[in-house]
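Engineer: Below is the file work_12.cif, with mmCIF, C-alpha atoms.
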data_input
#
loop_
_atom_site.label_atom_id
_atom_site.label_comp_id
_atom_site.auth_asym_id
_atom_site.auth_seq_id
_atom_site.Cartn_x
_atom_site.Cartn_y
_atom_site.Cartn_z
CA MET A 1 36.90 -35.88 -37.78
CA ALA A 2 37.24 -36.39 -41.51
CA THR A 3 38.31 -33.32 -43.40
CA PHE A 4 37.04 -33.01 -46.94
CA GLY A 5 38.37 -31.16 -49.94
CA TYR A 6 37.20 -31.02 -53.54
CA LEU A 7 39.70 -31.50 -56.33
CA CYS A 8 37.99 -30.50 -59.59
CA PRO A 9 40.29 -30.01 -62.59
CA LEU A 10 38.21 -29.58 -65.77
CA ILE A 11 39.43 -32.78 -67.36
CA LEU A 12 38.91 -34.93 -64.28
CA MET A 13 35.87 -36.01 -62.36
CA CYS A 14 35.47 -34.21 -59.06
CA ILE A 15 37.01 -36.36 -56.35
CA LEU A 16 35.94 -36.25 -52.71
CA VAL A 17 38.92 -36.83 -50.47
CA SER A 18 38.57 -37.86 -46.85
CA SER A 19 41.45 -37.74 -44.38
CA ASN A 20 40.52 -41.14 -42.95
CA ALA A 21 39.70 -42.86 -46.25
CA GLN A 22 42.88 -44.89 -46.19
CA LEU A 23 42.39 -46.50 -42.78
CA GLN A 24 41.51 -50.12 -43.39
CA GLN A 25 41.29 -53.43 -41.60
CA ASN A 26 44.58 -55.35 -41.73
CA PHE A 27 46.42 -52.47 -43.41
CA TYR A 28 49.70 -54.33 -42.75
CA ALA A 29 48.51 -57.71 -44.13
CA LYS A 30 51.19 -57.66 -46.85
CA SER A 31 53.81 -55.24 -45.49
CA CYS A 32 54.00 -56.75 -41.97
CA PRO A 33 51.57 -59.67 -41.70
CA LYS A 34 52.55 -60.68 -38.16
CA ALA A 35 52.29 -57.16 -36.69
CA GLU A 36 48.87 -57.41 -35.04
CA LYS A 37 49.63 -60.87 -33.62
CA ILE A 38 52.96 -59.69 -32.18
CA ILE A 39 51.11 -56.86 -30.42
CA LEU A 40 48.34 -59.13 -29.15
CA ASP A 41 50.81 -61.74 -27.88
CA TYR A 42 52.80 -59.11 -25.98
CA VAL A 43 49.62 -57.73 -24.41
CA HIS A 44 48.48 -61.27 -23.47
CA LYS A 45 51.83 -61.91 -21.83
CA HIS A 46 52.14 -58.72 -19.78
CA ILE A 47 48.76 -57.07 -19.09
CA PRO A 48 47.36 -59.89 -16.88
CA ASN A 49 50.29 -59.21 -14.52
CA ALA A 50 49.58 -55.45 -14.51
CA PRO A 51 45.85 -55.09 -15.31
CA SER A 52 45.72 -51.44 -14.21
CA LEU A 53 47.80 -50.66 -17.31
CA ALA A 54 44.73 -51.35 -19.47
CA ALA A 55 43.08 -48.18 -18.16
CA ALA A 56 46.34 -46.24 -18.56
CA LEU A 57 46.72 -47.34 -22.18
CA ILE A 58 43.16 -46.51 -23.23
CA ARG A 59 43.63 -43.12 -21.56
CA MET A 60 46.86 -42.61 -23.54
CA HIS A 61 44.97 -43.37 -26.78
CA PHE A 62 42.24 -40.87 -25.82
CA HIS A 63 44.75 -38.13 -24.94
CA ASP A 64 46.67 -38.78 -28.15
CA CYS A 65 43.61 -38.56 -30.39
CA PHE A 66 42.29 -35.34 -28.83
CA VAL A 67 45.48 -33.39 -29.63
CA ARG A 68 46.34 -33.22 -33.35
CA GLY A 69 44.45 -36.46 -33.98
CA CYS A 70 45.53 -40.06 -33.41
CA ASP A 71 49.15 -39.54 -34.52
CA ALA A 72 51.24 -40.67 -31.53
CA SER A 73 52.28 -37.05 -30.86
CA VAL A 74 51.72 -37.80 -27.15
CA LEU A 75 54.73 -40.15 -27.20
CA LEU A 76 57.33 -37.59 -28.31
CA ASN A 77 60.00 -36.51 -25.81
CA PHE A 78 61.44 -33.76 -27.96
CA THR A 79 60.93 -31.92 -31.24
CA SER A 80 63.10 -29.25 -32.84
CA SER A 81 60.27 -26.71 -32.68
CA THR A 82 59.13 -27.21 -29.07
CA GLY A 83 62.19 -28.77 -27.44
CA ASN A 84 61.13 -30.89 -24.51
CA GLN A 85 57.81 -29.07 -24.09
CA THR A 86 55.94 -31.76 -26.00
CA GLU A 87 52.44 -33.07 -25.20
CA LYS A 88 53.90 -35.65 -22.83
CA PHE A 89 54.89 -32.80 -20.51
CA GLY A 90 51.55 -30.96 -20.66
CA ILE A 91 49.69 -30.83 -17.33
CA PRO A 92 46.90 -33.26 -18.38
CA ASN A 93 49.53 -35.83 -19.40
CA LEU A 94 51.84 -35.76 -16.39
CA THR A 95 50.05 -38.79 -14.91
CA LEU A 96 50.00 -40.81 -18.14
CA ARG A 97 51.58 -44.27 -17.88
CA GLY A 98 52.51 -46.97 -20.35
CA PHE A 99 55.19 -45.28 -22.45
CA SER A 100 57.74 -48.05 -21.87
CA PHE A 101 55.09 -50.63 -22.76
CA ILE A 102 54.57 -48.95 -26.14
CA ASP A 103 58.35 -48.67 -26.65
CA ASN A 104 58.77 -52.40 -26.00
CA VAL A 105 56.06 -53.28 -28.50
CA LYS A 106 57.57 -50.93 -31.08
CA LYS A 107 60.99 -52.57 -30.69
CA MET A 108 59.52 -56.01 -31.36
CA ILE A 109 57.63 -54.71 -34.40
CA GLU A 110 60.74 -52.95 -35.74
CA ASP A 111 62.72 -56.19 -35.40
CA GLU A 112 60.08 -57.90 -37.54
CA CYS A 113 59.39 -55.13 -40.09
CA PRO A 114 61.63 -52.04 -39.86
CA GLY A 115 59.98 -48.73 -40.69
CA VAL A 116 56.55 -50.12 -41.56
CA VAL A 117 54.16 -49.96 -38.59
CA SER A 118 53.35 -46.57 -37.06
CA CYS A 119 53.47 -45.76 -33.36
CA ALA A 120 49.96 -44.31 -33.77
CA ASP A 121 48.61 -47.70 -34.87
CA ILE A 122 50.50 -49.44 -32.06
CA VAL A 123 48.84 -47.15 -29.47
CA ALA A 124 45.40 -47.82 -30.95
CA LEU A 125 45.88 -51.60 -31.12
CA VAL A 126 47.47 -51.89 -27.68
CA ALA A 127 44.60 -49.90 -26.11
CA ARG A 128 42.01 -52.23 -27.63
CA ASP A 129 43.89 -55.47 -26.90
CA SER A 130 44.62 -54.46 -23.29
CA VAL A 131 40.95 -53.82 -22.56
CA VAL A 132 39.93 -57.13 -24.20
CA VAL A 133 42.53 -59.12 -22.26
CA THR A 134 41.18 -57.76 -18.96
CA GLY A 135 37.65 -58.90 -19.88
CA GLY A 136 36.34 -55.73 -21.46
CA PRO A 137 34.79 -55.00 -24.87
CA SER A 138 36.50 -55.34 -28.21
CA TRP A 139 36.21 -52.89 -31.09
CA SER A 140 37.36 -52.59 -34.65
CA VAL A 141 40.76 -50.92 -35.15
CA PRO A 142 41.33 -50.16 -38.82
CA THR A 143 44.99 -49.27 -39.38
CA GLY A 144 47.10 -47.11 -41.64
CA ARG A 145 47.64 -44.13 -39.34
CA ARG A 146 50.93 -42.30 -39.69
CA ASP A 147 52.93 -40.55 -36.98
CA GLY A 148 52.91 -36.78 -36.49
CA ARG A 149 56.05 -34.66 -36.31
CA ILE A 150 54.59 -31.85 -34.17
CA SER A 151 53.89 -32.03 -30.43
CA ASN A 152 53.17 -29.03 -28.23
CA ALA A 153 52.51 -29.11 -24.50
CA SER A 154 50.28 -26.03 -24.58
CA GLU A 155 47.76 -27.76 -26.86
CA THR A 156 46.99 -30.36 -24.20
CA LEU A 157 45.30 -27.69 -22.07
CA THR A 158 43.07 -26.48 -24.89
CA ASP A 159 42.18 -29.83 -26.47
CA ILE A 160 42.01 -32.52 -23.76
CA PRO A 161 38.73 -32.43 -21.81
CA ALA A 162 39.51 -31.59 -18.18
CA PRO A 163 38.08 -33.45 -15.15
CA THR A 164 36.78 -30.06 -13.93
CA SER A 165 34.76 -29.42 -17.11
CA ASN A 166 31.07 -28.57 -17.05
CA PHE A 167 28.60 -29.93 -19.58
CA SER A 168 28.86 -27.15 -22.19
CA THR A 169 32.66 -27.33 -22.17
CA LEU A 170 32.57 -31.10 -22.64
CA GLN A 171 30.03 -30.78 -25.43
CA ASN A 172 32.24 -28.26 -27.24
CA ASP A 173 35.46 -30.24 -26.67
CA PHE A 174 33.91 -33.35 -28.18
CA ALA A 175 32.13 -31.55 -31.01
CA LYS A 176 35.46 -30.03 -32.12
CA LYS A 177 36.64 -33.59 -32.71
CA GLY A 178 33.52 -34.72 -34.53
CA LEU A 179 32.11 -36.58 -31.53
CA ASP A 180 28.53 -36.17 -30.35
CA LEU A 181 26.81 -36.39 -26.95
CA LYS A 182 26.30 -40.13 -27.24
CA ASP A 183 30.06 -40.53 -27.81
CA LEU A 184 30.68 -38.32 -24.77
CA VAL A 185 28.61 -40.61 -22.54
CA LEU A 186 29.99 -43.84 -23.98
CA LEU A 187 33.66 -42.83 -23.97
CA SER A 188 33.30 -41.56 -20.38
CA GLY A 189 32.27 -45.14 -19.61
CA ALA A 190 35.95 -46.07 -19.77
CA HIS A 191 36.08 -44.55 -16.26
CA THR A 192 34.65 -47.89 -15.15
CA ILE A 193 38.27 -49.06 -14.99
CA GLY A 194 41.27 -47.27 -13.58
CA VAL A 195 42.25 -44.83 -10.89
CA SER A 196 42.76 -41.10 -10.35
CA HIS A 197 44.94 -38.90 -8.19
CA CYS A 198 43.20 -36.74 -5.57
CA SER A 199 44.43 -33.60 -7.31
CA SER A 200 41.98 -34.21 -10.18
CA PHE A 201 38.94 -33.72 -7.97
CA SER A 202 40.04 -32.36 -4.55
CA THR A 203 38.48 -28.93 -5.25
CA ARG A 204 35.09 -30.68 -5.18
CA LEU A 205 35.85 -31.72 -1.62
CA TYR A 206 37.56 -28.66 -0.17
CA ASN A 207 37.36 -25.51 -2.27
CA PHE A 208 34.48 -25.74 -4.70
CA THR A 209 33.40 -22.09 -4.75
CA GLY A 210 36.89 -20.69 -4.25
CA THR A 211 36.35 -20.47 -0.51
CA PHE A 212 38.15 -23.11 1.53
CA GLY A 213 35.75 -25.50 3.19
CA THR A 214 33.12 -25.45 0.45
CA GLU A 215 32.04 -28.75 -1.10
CA ASP A 216 30.46 -29.48 -4.48
CA PRO A 217 26.72 -29.89 -3.75
CA SER A 218 26.34 -32.19 -6.76
CA LEU A 219 28.57 -34.78 -5.05
CA ASP A 220 26.84 -37.22 -2.70
CA SER A 221 27.67 -35.94 0.80
CA GLU A 222 28.26 -39.41 2.25
CA TYR A 223 30.66 -40.26 -0.56
CA ALA A 224 32.43 -36.91 -0.12
CA ALA A 225 32.83 -37.52 3.63
CA ASN A 226 34.26 -40.97 2.96
CA LEU A 227 36.78 -39.58 0.44
CA LYS A 228 37.92 -36.88 2.88
CA ALA A 229 38.22 -39.27 5.81
CA ASN A 230 39.89 -42.19 4.05
CA LYS A 231 41.50 -41.05 0.81
CA CYS A 232 42.11 -37.36 0.07
CA LYS A 233 42.68 -36.06 3.59
CA SER A 234 44.07 -32.74 2.37
CA ILE A 235 43.49 -30.44 -0.59
CA ASN A 236 47.25 -30.61 -1.19
CA ASP A 237 47.38 -34.40 -1.60
CA ASN A 238 48.91 -35.11 -5.01
CA THR A 239 49.94 -38.71 -4.48
CA THR A 240 47.00 -40.73 -3.13
CA ILE A 241 45.23 -42.84 -5.74
CA VAL A 242 41.47 -43.38 -5.74
CA GLU A 243 39.43 -45.93 -7.70
CA MET A 244 37.22 -44.23 -10.28
CA ASP A 245 34.57 -46.96 -9.97
CA PRO A 246 34.91 -48.11 -6.34
CA GLY A 247 34.50 -51.83 -5.77
CA SER A 248 34.48 -52.56 -9.50
CA PHE A 249 37.42 -50.67 -10.94
CA ARG A 250 39.01 -53.74 -12.52
CA THR A 251 35.78 -54.74 -14.29
CA PHE A 252 34.52 -53.10 -17.47
CA ASP A 253 30.86 -52.91 -16.52
CA LEU A 254 27.87 -50.58 -16.07
CA SER A 255 28.54 -49.69 -12.43
CA TYR A 256 30.17 -46.37 -13.41
CA TYR A 257 26.83 -45.20 -14.84
CA LYS A 258 24.93 -46.49 -11.82
CA LEU A 259 27.23 -44.43 -9.59
CA LEU A 260 26.57 -41.31 -11.70
CA LEU A 261 22.86 -41.67 -10.97
CA LYS A 262 23.71 -41.82 -7.24
CA ARG A 263 25.77 -38.59 -7.58
CA ARG A 264 28.97 -40.56 -6.97
CA GLY A 265 30.94 -39.74 -10.10
CA LEU A 266 34.46 -38.80 -9.04
CA PHE A 267 35.07 -35.87 -11.40
CA GLN A 268 33.02 -32.75 -12.10
CA SER A 269 33.06 -33.94 -15.72
CA ASP A 270 31.40 -37.18 -14.59
CA ALA A 271 28.70 -35.33 -12.65
CA ALA A 272 28.20 -33.01 -15.64
CA LEU A 273 26.83 -35.92 -17.68
CA THR A 274 23.71 -35.94 -15.51
CA THR A 275 23.03 -32.19 -15.96
CA SER A 276 21.80 -32.48 -19.55
CA THR A 277 18.50 -34.21 -20.33
CA THR A 278 20.08 -35.74 -23.44
CA THR A 279 23.10 -37.31 -21.74
CA LYS A 280 21.08 -38.26 -18.65
CA SER A 281 18.69 -40.11 -20.96
CA TYR A 282 21.59 -42.02 -22.53
CA ILE A 283 22.82 -43.00 -19.05
CA ASP A 284 19.34 -44.21 -18.06
CA GLN A 285 19.15 -46.30 -21.24
CA LEU A 286 22.57 -47.85 -20.62
CA VAL A 287 21.76 -48.75 -17.00
CA ALA A 288 18.44 -50.28 -18.06
CA GLY A 289 20.09 -52.24 -20.87
CA SER A 290 22.53 -55.12 -21.02
CA LEU A 291 26.30 -55.21 -20.80
CA LYS A 292 26.34 -56.59 -24.34
CA GLU A 293 24.47 -53.51 -25.59
CA PHE A 294 26.90 -51.18 -23.78
CA TYR A 295 29.89 -53.02 -25.26
CA ALA A 296 28.47 -52.75 -28.78
CA GLU A 297 27.83 -49.01 -28.46
CA PHE A 298 31.14 -48.36 -26.72
CA ALA A 299 32.88 -50.15 -29.60
CA GLN A 300 31.30 -47.82 -32.17
CA SER A 301 32.41 -44.71 -30.27
CA MET A 302 35.94 -46.06 -29.79
CA GLU A 303 36.33 -46.75 -33.50
CA LYS A 304 35.01 -43.26 -34.25
CA MET A 305 37.50 -41.73 -31.78
CA GLY A 306 40.33 -43.72 -33.36
CA ARG A 307 39.66 -41.96 -36.67
CA ILE A 308 40.01 -38.38 -35.35
CA GLU A 309 42.17 -36.28 -37.70
CA VAL A 310 44.32 -39.24 -38.69
CA LYS A 311 47.32 -38.81 -40.95
CA THR A 312 47.43 -41.26 -43.84
CA GLY A 313 49.09 -41.71 -47.20
CA SER A 314 52.12 -39.41 -47.39
CA ASP A 315 51.21 -37.28 -44.34
CA GLY A 316 53.48 -37.62 -41.33
CA GLU A 317 56.00 -40.45 -41.10
CA ILE A 318 56.60 -43.92 -39.66
CA ARG A 319 58.81 -43.24 -36.65
CA LYS A 320 61.74 -45.57 -35.99
CA HIS A 321 61.51 -44.79 -32.25
CA CYS A 322 58.20 -43.62 -30.81
CA ALA A 323 59.72 -40.96 -28.55
CA VAL A 324 61.56 -39.04 -31.30
CA VAL A 325 60.81 -37.87 -34.82
CA ASN A 326 62.97 -39.36 -37.57
CA SER A 327 66.09 -37.34 -38.28
#
What would you get if you wrote out this structure as structure tokens?

Structural biologist:
Amino acid sequence: MATFGYLCPLILMCILVSSNAQLQQNFYAKSCPKAEKIILDYVHKHIPNAPSLAAALIRMHFHDCFVRGCDASVLLNFTSSTGNQTEKFGIPNLTLRGFSFIDNVKKMIEDECPGVVSCADIVALVARDSVVVTGGPSWSVPTGRRDGRISNASETLTDIPAPTSNFSTLQNDFAKKGLDLKDLVLLSGAHTIGVSHCSSFSTRLYNFTGTFGTEDPSLDSEYAANLKANKCKSINDNTTIVEMDPGSFRTFDLSYYKLLLKRRGLFQSDAALTTSTTTKSYIDQLVAGSLKEFYAEFAQSMEKMGRIEVKTGSDGEIRKHCAVVNS
């Protein structure tokens, strides 16, 4: 969300300053003109061989932006203030993937233009390009973000929306970041690609009320039985992987929303989207509309998310290595 401050010395006109004012298309056009093509070429070369990484990389971008803004703080292994208890080691981020992919891109960019392109911009561009390469929507990624120097594992629990969240929690989590209910529905649509571990939703199958054997009544009973019989056979299963959009998890389409209307969303946070008349109405509109319309609206929400609390100008730094702050 843009933060605004008024600077009003008597001899100067009052100036409105926005924290994201300096993000712009092709920010590196003069300082590193090949940067965006280097990133796109690397994505084109590697993502088709590992298409599931597209979902992992858009998830990384989301988790980065929701904690301290889109500043690549999720990539840090260590800081002097928190040691190795950085965001990367927070519970919501323990299943993040794609760090080595980002590191490889950063190395190529550093070889071309040392100390110019931020890790935060690389994460944002890689997320977009990976989704496009796998046949999904494109969106505008203005650049000029700078990298944060602070990363704290504890903040991941307070700022990243949890898969167990109910509607009011989701609404508050998104509102804190300047995102509205339409953004909530559209950004959740990224669940159309990718996978989840059983541990993210097994309480819905086995222990919903706190009593073992209770099931979430908002989950389709046939779907729940199938998950218990064939996927998450125990509440203690932390390793089995389940498609978030079964039968279509490699395709960026509308089937995720269609499943929500059949009470087959995997997470409580998915099911929660149908408990509000406002978000349910958005889902109905998306399902009744075209893929092109979904892509256009998804693109707007992704660009909006990519502007959350960005650091620009002299804030932050341009890290030499994405996993450590500059010394």

Engineer: Set out as JSON lines a contact list for segment 231-254 of chain A and segment 51-58 of chain A with a cut-off of 12 Å, giving each residue of segment 231-254 of chain A that qualifies its closest atom pair and distance in Å to one decimal, counting only C-alpha atoms, ordered by chain and rising residue number.

Structural biologist:
{"residue": "A:Glu243", "atom": "CA", "partner": "A:Ser52", "partner_atom": "CA", "distance": 10.6}
{"residue": "A:Met244", "atom": "CA", "partner": "A:Ala55", "partner_atom": "CA", "distance": 10.6}
{"residue": "A:Asp245", "atom": "CA", "partner": "A:Ala55", "partner_atom": "CA", "distance": 11.9}
{"residue": "A:Phe249", "atom": "CA", "partner": "A:Ser52", "partner_atom": "CA", "distance": 9.0}
{"residue": "A:Arg250", "atom": "CA", "partner": "A:Ser52", "partner_atom": "CA", "distance": 7.3}
{"residue": "A:Thr251", "atom": "CA", "partner": "A:Pro51", "partner_atom": "CA", "distance": 10.1}
{"residue": "A:Phe252", "atom": "CA", "partner": "A:Ala55", "partner_atom": "CA", "distance": 9.9}

Engineer: Identify all residues satisfying the PyMOL selection byres ((chain A and resi 191) around 7) in the given file; provide them as a PDB file with C-alpha atoms, in the coordinates of the input.

Structural biologist:
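After the write, selection12.pdb holds the following:
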ATOM      1  CA  SER A 188      33.300 -41.560 -20.380  1.00  0.00           C
ATOM      2  CA  GLY A 189      32.270 -45.140 -19.610  1.00  0.00           C
ATOM      3  CA  ALA A 190      35.950 -46.070 -19.770  1.00  0.00           C
ATOM      4  CA  THR A 192      34.650 -47.890 -15.150  1.00  0.00           C
ATOM      5  CA  ILE A 193      38.270 -49.060 -14.990  1.00  0.00           C
ATOM      6  CA  GLY A 194      41.270 -47.270 -13.580  1.00  0.00           C
ATOM      7  CA  MET A 244      37.220 -44.230 -10.280  1.00  0.00           C
ATOM      8  CA  ASP A 245      34.570 -46.960  -9.970  1.00  0.00           C
ATOM      9  CA  TYR A 256      30.170 -46.370 -13.410  1.00  0.00           C
TER      10      TYR A 256
END

Engineer: Quick one: of A:Lys311, A:Arg263, A:Ser248, A:Cys113, who's nearest to Glu222 of chain A, counting only C-alpha atoms?

Structural biologist: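 Distance minimum relative to Glu222 of chain A lands on A:Arg263.
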
Engineer: Fewer than 2 positions away in the same chain doesn't count, so skip those; otherwise give me all residues within 12 Å of Ala153 of chain A, counting only C-alpha atoms, as a PyMOL selection string.

Structural biologist: chain A and resi 63-64+67-68+73-79+81-94+150-151+155-160

Engineer: If you count all atoms listed in the file, which residues fall within 9 Å of segment 118-125 of chain A, apart from same-chain ones fewer than 4 positions away, as a PyMOL selection string?

Structural biologist: chain A and resi 36+39-40+57-58+60-61+64+70-73+75+102-103+105-106+129-130+141-148+306+317-322

Engineer: Output the residue selection produced by the PyMOL selection byres ((chain A and resi 261) around 10) on the file above, formatted as a PDB file with C-alpha atoms, in the frame of the given file.

Structural biologist:
ATOM      1  CA  SER A 255      28.540 -49.690 -12.430  1.00  0.00           C
ATOM      2  CA  TYR A 256      30.170 -46.370 -13.410  1.00  0.00           C
ATOM      3  CA  TYR A 257      26.830 -45.200 -14.840  1.00  0.00           C
ATOM      4  CA  LYS A 258      24.930 -46.490 -11.820  1.00  0.00           C
ATOM      5  CA  LEU A 259      27.230 -44.430  -9.590  1.00  0.00           C
ATOM      6  CA  LEU A 260      26.570 -41.310 -11.700  1.00  0.00           C
ATOM      7  CA  LYS A 262      23.710 -41.820  -7.240  1.00  0.00           C
ATOM      8  CA  ARG A 263      25.770 -38.590  -7.580  1.00  0.00           C
ATOM      9  CA  ARG A 264      28.970 -40.560  -6.970  1.00  0.00           C
ATOM     10  CA  GLY A 265      30.940 -39.740 -10.100  1.00  0.00           C
ATOM     11  CA  ALA A 271      28.700 -35.330 -12.650  1.00  0.00           C
ATOM     12  CA  LEU A 273      26.830 -35.920 -17.680  1.00  0.00           C
ATOM     13  CA  THR A 274      23.710 -35.940 -15.510  1.00  0.00           C
ATOM     14  CA  LYS A 280      21.080 -38.260 -18.650  1.00  0.00           C
ATOM     15  CA  ILE A 283      22.820 -43.000 -19.050  1.00  0.00           C
ATOM     16  CA  ASP A 284      19.340 -44.210 -18.060  1.00  0.00           C
ATOM     17  CA  VAL A 287      21.760 -48.750 -17.000  1.00  0.00           C
TER      18      VAL A 287
END

Engineer: To one decimal in Å, tell me the separation between atom CA of Ala225 of chain A and atom CA of Asp270 of chain A.

Structural biologist: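 That distance, rounded to one decimal, is 18.3 Å.
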
Engineer: Quick one: of A:Cys198, A:Thr277, A:Gly136, A:Gln268, who's nearest to Asn236 of chain A, counting only C-alpha atoms?

Structural biologist: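 Counting only C-alpha atoms, the residue closest to Asn236 of chain A is A:Cys198.
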
Engineer: To test your reading of the syntax: which residues would the PyMOL selection byres ((chain A and resi 308) around 9) return for the file shown? Reply as an NGL selection string.

Structural biologist: :A and (1-2 or 20 or 65-66 or 68-70 or 177-179 or 304-307 or 309-310)

Engineer: I'd like to know which of A:Thr278, A:Ser327, A:Asn207, A:Thr240 is closest to Val195 of chain A, using all atoms listed in the file.

Structural biologist: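 The closest residue to Val195 of chain A is A:Thr240.
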
Engineer: Could you list, as a PDB file with C-alpha atoms, in the coordinates of the input, every residue within 6 Å of Glu215 of chain A, counting all atoms listed in the file and ignoring same-chain residues fewer than 2 positions away?

Structural biologist:
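The new file selection13.pdb reads:
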ATOM      1  CA  ARG A 204      35.090 -30.680  -5.180  1.00  0.00           C
ATOM      2  CA  LEU A 205      35.850 -31.720  -1.620  1.00  0.00           C
ATOM      3  CA  TYR A 206      37.560 -28.660  -0.170  1.00  0.00           C
ATOM      4  CA  PHE A 208      34.480 -25.740  -4.700  1.00  0.00           C
TER       5      PHE A 208
END

Engineer: Measure the distance from atom CA of Asn326 of chain A to atom CA of Arg149 of chain A in Å and round it to one decimal.

Structural biologist: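 Answer for the atom CA of Asn326 of chain A to atom CA of Arg149 of chain A separation: 8.5 Å.
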
Engineer: I need the residue nearest Ser200 of chain A from this list: A:Ser276, A:Thr164, A:Ser281, A:Gln24. Use all atoms listed in the file for the distance.

Structural biologist: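 Comparing A:Ser276, A:Thr164, A:Ser281, A:Gln24 against Ser200 of chain A, the winner is A:Thr164.
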
Engineer: Rounded to one decimal, what separation in Å do you get between atom CA of Ser138 of chain A and atom CA of Ala299 of chain A?

Structural biologist: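 Result for atom CA of Ser138 of chain A versus atom CA of Ala299 of chain A: 6.5 Å, one decimal.
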
Engineer: So which residues touch Ser168 of chain A within 12 Å, counting all atoms listed in the file, skipping near sequence neighbours fewer than 5 positions away, as a list of chain:residue names?

Structural biologist: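 In the requested format, the answer is A:Pro161, A:Asp173, A:Phe174, A:Ala175, A:Leu181, A:Leu184, A:Ser269, A:Ala272, A:Leu273, A:Thr275, A:Ser276, A:Thr279.
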
Engineer: Excluding Met108 of chain A and its own-chain neighbours fewer than 6 positions away, which residues fall within 10 Å of it when counting only C-alpha atoms? Please give them as a count of residues only.

Structural biologist: 5

Engineer: When distances are computed from all atoms listed in the file, which of A:Lys233, A:Lys228, A:Lys34, A:Arg128 shows the smallest separation from Phe62 of chain A?

Structural biologist: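 Result for the nearest residue to Phe62 of chain A: A:Arg128.
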
Engineer: Fix up segment 102-113 of chain A with N, CA, C and O atoms, then write it as a short mmCIF file (atom, residue, chain, number, x, y, z; two decimals), in the coordinates of the input.

Structural biologist:
data_model
loop_
_atom_site.label_atom_id
_atom_site.label_comp_id
_atom_site.auth_asym_id
_atom_site.auth_seq_id
_atom_site.Cartn_x
_atom_site.Cartn_y
_atom_site.Cartn_z
N ILE A 102 54.65 -49.25 -24.70
CA ILE A 102 54.57 -48.95 -26.14
C ILE A 102 55.95 -49.08 -26.78
O ILE A 102 56.09 -49.65 -27.88
N ASP A 103 56.98 -48.58 -26.11
CA ASP A 103 58.35 -48.67 -26.65
C ASP A 103 58.77 -50.13 -26.84
O ASP A 103 59.42 -50.47 -27.84
N ASN A 104 58.41 -50.98 -25.89
CA ASN A 104 58.77 -52.40 -26.00
C ASN A 104 58.07 -53.06 -27.18
O ASN A 104 58.67 -53.86 -27.91
N VAL A 105 56.79 -52.73 -27.36
CA VAL A 105 56.06 -53.28 -28.50
C VAL A 105 56.68 -52.79 -29.80
O VAL A 105 56.90 -53.57 -30.74
N LYS A 106 56.98 -51.50 -29.87
CA LYS A 106 57.57 -50.93 -31.08
C LYS A 106 58.89 -51.62 -31.43
O LYS A 106 59.14 -51.92 -32.61
N LYS A 107 59.71 -51.91 -30.43
CA LYS A 107 60.99 -52.57 -30.69
C LYS A 107 60.77 -53.94 -31.33
O LYS A 107 61.46 -54.32 -32.29
N MET A 108 59.80 -54.69 -30.80
CA MET A 108 59.52 -56.01 -31.36
C MET A 108 59.01 -55.90 -32.80
O MET A 108 59.39 -56.70 -33.67
N ILE A 109 58.16 -54.91 -33.06
CA ILE A 109 57.63 -54.71 -34.40
C ILE A 109 58.74 -54.28 -35.36
O ILE A 109 58.82 -54.74 -36.51
N GLU A 110 59.63 -53.41 -34.89
CA GLU A 110 60.74 -52.95 -35.74
C GLU A 110 61.68 -54.11 -36.07
O GLU A 110 62.23 -54.17 -37.17
N ASP A 111 61.88 -55.02 -35.13
CA ASP A 111 62.72 -56.19 -35.40
C ASP A 111 62.12 -57.06 -36.50
O ASP A 111 62.84 -57.66 -37.30
N GLU A 112 60.79 -57.09 -36.54
CA GLU A 112 60.08 -57.90 -37.54
C GLU A 112 59.98 -57.19 -38.89
O GLU A 112 60.23 -57.78 -39.94
N CYS A 113 59.64 -55.90 -38.87
CA CYS A 113 59.39 -55.13 -40.09
C CYS A 113 59.85 -53.69 -39.89
O CYS A 113 59.05 -52.83 -39.51
#
